[in-house]
Amino acid sequence: MQAIEIVRIYVREGGDEAGLSLMEQVFALLHDRHKIQGLTVFRGIAGFGIHGEVHAADLLHMSARLPLVIEFFDTPEAVTAALAALQGLIPSGHIVKWPALCL
């Protein structure tokens with residue numbers, strides 16, 4: 001068994017001024033630069049954040065900015081390096097991590 005850490009990043013769909021989404025920026029950074037062991041992006045059908053604004057994929061709340069969860073895992077050392085690189089890119093309070101065992 002190998003000790004790993006799992007990280008979840010909570011963001012929304014949509015692009016920035018350059019047209020590149022935050023998800024795409026994070027994905028490229030973790031894949032190309034940090035060679036993270038594994039990453040998955042989950043697209044939510046509904047969600048809300050600290051301000052209570054609802055983002056949903058239903059007729060009452062049509063939104064192009066649905067919630068996304070970017071989840072990745074790697075060794076604690078690799079996770080620490082990746083999180084340092086994500087500083088300033090991800091809003092405060094939108095990242096959680098926990099230890100796990102890779103079986």
# chains A, B, ... in the order shown; residues from 1 in each chain; ligands from 1
$ select_by_dssp --residues "chain A" --states "strand (DSSP E or B)" --output "PyMOL selection string"
chain A and resi 2-12+15+21+38-43+46-48+54-56+62+67-74+95-102
$ residues_around --residues "Ala85 (chain A)" --least-positions-apart "3" --cutoff "12 Å" --atoms "only C-alpha atoms" --output "number ranges by chain"
A: 25-26, 28-30, 33-34, 78-82, 88-90
$ residues_around --residues "region 3-11 of chain A" --least-positions-apart "3" --cutoff "12 Å" --atoms "only C-alpha atoms" --output "ChimeraX atom specification"
/A:14-15,21-27,30,36-44,47-50,55,65-80,82-83,86,89-103
$ select_by_dssp --residues "chain A" --states "helix (DSSP H, G or I)" --output "PyMOL selection string"
chain A and resi 22-33+76-86
$ decode --residues "region 17-83 of chain A" --atoms "C-alpha atoms" --output "PDB file, in the first residue's frame"
ATOM      1  CA  GLU A  17     -10.765  36.944 -20.652  1.00  0.00           C
ATOM      2  CA  ALA A  18      -8.419  34.868 -22.806  1.00  0.00           C
ATOM      3  CA  GLY A  19     -11.123  32.250 -23.371  1.00  0.00           C
ATOM      4  CA  LEU A  20      -9.356  29.557 -21.379  1.00  0.00           C
ATOM      5  CA  SER A  21     -11.437  28.056 -18.587  1.00  0.00           C
ATOM      6  CA  LEU A  22     -10.098  27.642 -15.090  1.00  0.00           C
ATOM      7  CA  MET A  23     -10.669  23.906 -15.472  1.00  0.00           C
ATOM      8  CA  GLU A  24      -8.508  23.843 -18.613  1.00  0.00           C
ATOM      9  CA  GLN A  25      -5.756  25.818 -16.881  1.00  0.00           C
ATOM     10  CA  VAL A  26      -5.749  23.471 -13.865  1.00  0.00           C
ATOM     11  CA  PHE A  27      -5.921  20.381 -16.084  1.00  0.00           C
ATOM     12  CA  ALA A  28      -2.949  21.516 -18.195  1.00  0.00           C
ATOM     13  CA  LEU A  29      -0.895  22.487 -15.147  1.00  0.00           C
ATOM     14  CA  LEU A  30      -1.468  19.160 -13.388  1.00  0.00           C
ATOM     15  CA  HIS A  31      -1.095  17.012 -16.515  1.00  0.00           C
ATOM     16  CA  ASP A  32       1.702  18.729 -18.410  1.00  0.00           C
ATOM     17  CA  ARG A  33       3.813  20.347 -15.713  1.00  0.00           C
ATOM     18  CA  HIS A  34       3.296  18.173 -12.641  1.00  0.00           C
ATOM     19  CA  LYS A  35       2.541  14.772 -14.242  1.00  0.00           C
ATOM     20  CA  ILE A  36      -0.057  14.001 -11.559  1.00  0.00           C
ATOM     21  CA  GLN A  37      -0.931  10.273 -11.286  1.00  0.00           C
ATOM     22  CA  GLY A  38      -4.657  10.681 -11.870  1.00  0.00           C
ATOM     23  CA  LEU A  39      -7.252  13.405 -12.394  1.00  0.00           C
ATOM     24  CA  THR A  40     -10.988  13.432 -13.069  1.00  0.00           C
ATOM     25  CA  VAL A  41     -13.334  16.348 -13.721  1.00  0.00           C
ATOM     26  CA  PHE A  42     -16.939  15.961 -12.590  1.00  0.00           C
ATOM     27  CA  ARG A  43     -19.652  18.246 -13.992  1.00  0.00           C
ATOM     28  CA  GLY A  44     -22.436  18.984 -11.541  1.00  0.00           C
ATOM     29  CA  ILE A  45     -26.052  19.439 -12.533  1.00  0.00           C
ATOM     30  CA  ALA A  46     -26.683  21.971  -9.773  1.00  0.00           C
ATOM     31  CA  GLY A  47     -24.898  23.801  -7.010  1.00  0.00           C
ATOM     32  CA  PHE A  48     -24.456  27.009  -5.069  1.00  0.00           C
ATOM     33  CA  GLY A  49     -21.611  28.670  -3.249  1.00  0.00           C
ATOM     34  CA  ILE A  50     -21.100  30.976  -0.313  1.00  0.00           C
ATOM     35  CA  HIS A  51     -23.261  33.723  -1.861  1.00  0.00           C
ATOM     36  CA  GLY A  52     -26.184  31.336  -2.435  1.00  0.00           C
ATOM     37  CA  GLU A  53     -26.374  31.919  -6.195  1.00  0.00           C
ATOM     38  CA  VAL A  54     -27.896  28.799  -7.775  1.00  0.00           C
ATOM     39  CA  HIS A  55     -26.258  27.319 -10.860  1.00  0.00           C
ATOM     40  CA  ALA A  56     -28.378  24.534 -12.316  1.00  0.00           C
ATOM     41  CA  ALA A  57     -29.124  22.663 -15.514  1.00  0.00           C
ATOM     42  CA  ASP A  58     -32.912  22.851 -15.289  1.00  0.00           C
ATOM     43  CA  LEU A  59     -35.487  25.044 -17.011  1.00  0.00           C
ATOM     44  CA  LEU A  60     -35.920  27.311 -13.978  1.00  0.00           C
ATOM     45  CA  HIS A  61     -32.220  28.000 -13.519  1.00  0.00           C
ATOM     46  CA  MET A  62     -30.555  27.597 -16.915  1.00  0.00           C
ATOM     47  CA  SER A  63     -26.897  28.377 -16.471  1.00  0.00           C
ATOM     48  CA  ALA A  64     -23.791  27.931 -18.572  1.00  0.00           C
ATOM     49  CA  ARG A  65     -21.681  28.142 -15.415  1.00  0.00           C
ATOM     50  CA  LEU A  66     -22.423  24.797 -13.838  1.00  0.00           C
ATOM     51  CA  PRO A  67     -20.299  23.530 -10.949  1.00  0.00           C
ATOM     52  CA  LEU A  68     -17.193  21.466 -11.665  1.00  0.00           C
ATOM     53  CA  VAL A  69     -15.179  19.313  -9.285  1.00  0.00           C
ATOM     54  CA  ILE A  70     -11.591  18.620 -10.270  1.00  0.00           C
ATOM     55  CA  GLU A  71     -10.270  15.682  -8.276  1.00  0.00           C
ATOM     56  CA  PHE A  72      -6.703  14.412  -8.374  1.00  0.00           C
ATOM     57  CA  PHE A  73      -4.395  12.164  -6.392  1.00  0.00           C
ATOM     58  CA  ASP A  74      -0.692  11.557  -6.025  1.00  0.00           C
ATOM     59  CA  THR A  75       2.031  11.208  -3.401  1.00  0.00           C
ATOM     60  CA  PRO A  76       2.013  13.821  -0.618  1.00  0.00           C
ATOM     61  CA  GLU A  77       5.151  15.406  -2.101  1.00  0.00           C
ATOM     62  CA  ALA A  78       3.625  15.714  -5.582  1.00  0.00           C
ATOM     63  CA  VAL A  79       0.371  17.100  -4.158  1.00  0.00           C
ATOM     64  CA  THR A  80       2.254  19.719  -2.130  1.00  0.00           C
ATOM     65  CA  ALA A  81       4.147  20.862  -5.235  1.00  0.00           C
ATOM     66  CA  ALA A  82       0.966  20.958  -7.344  1.00  0.00           C
ATOM     67  CA  LEU A  83      -0.951  22.939  -4.723  1.00  0.00           C
TER      68      LEU A  83
END
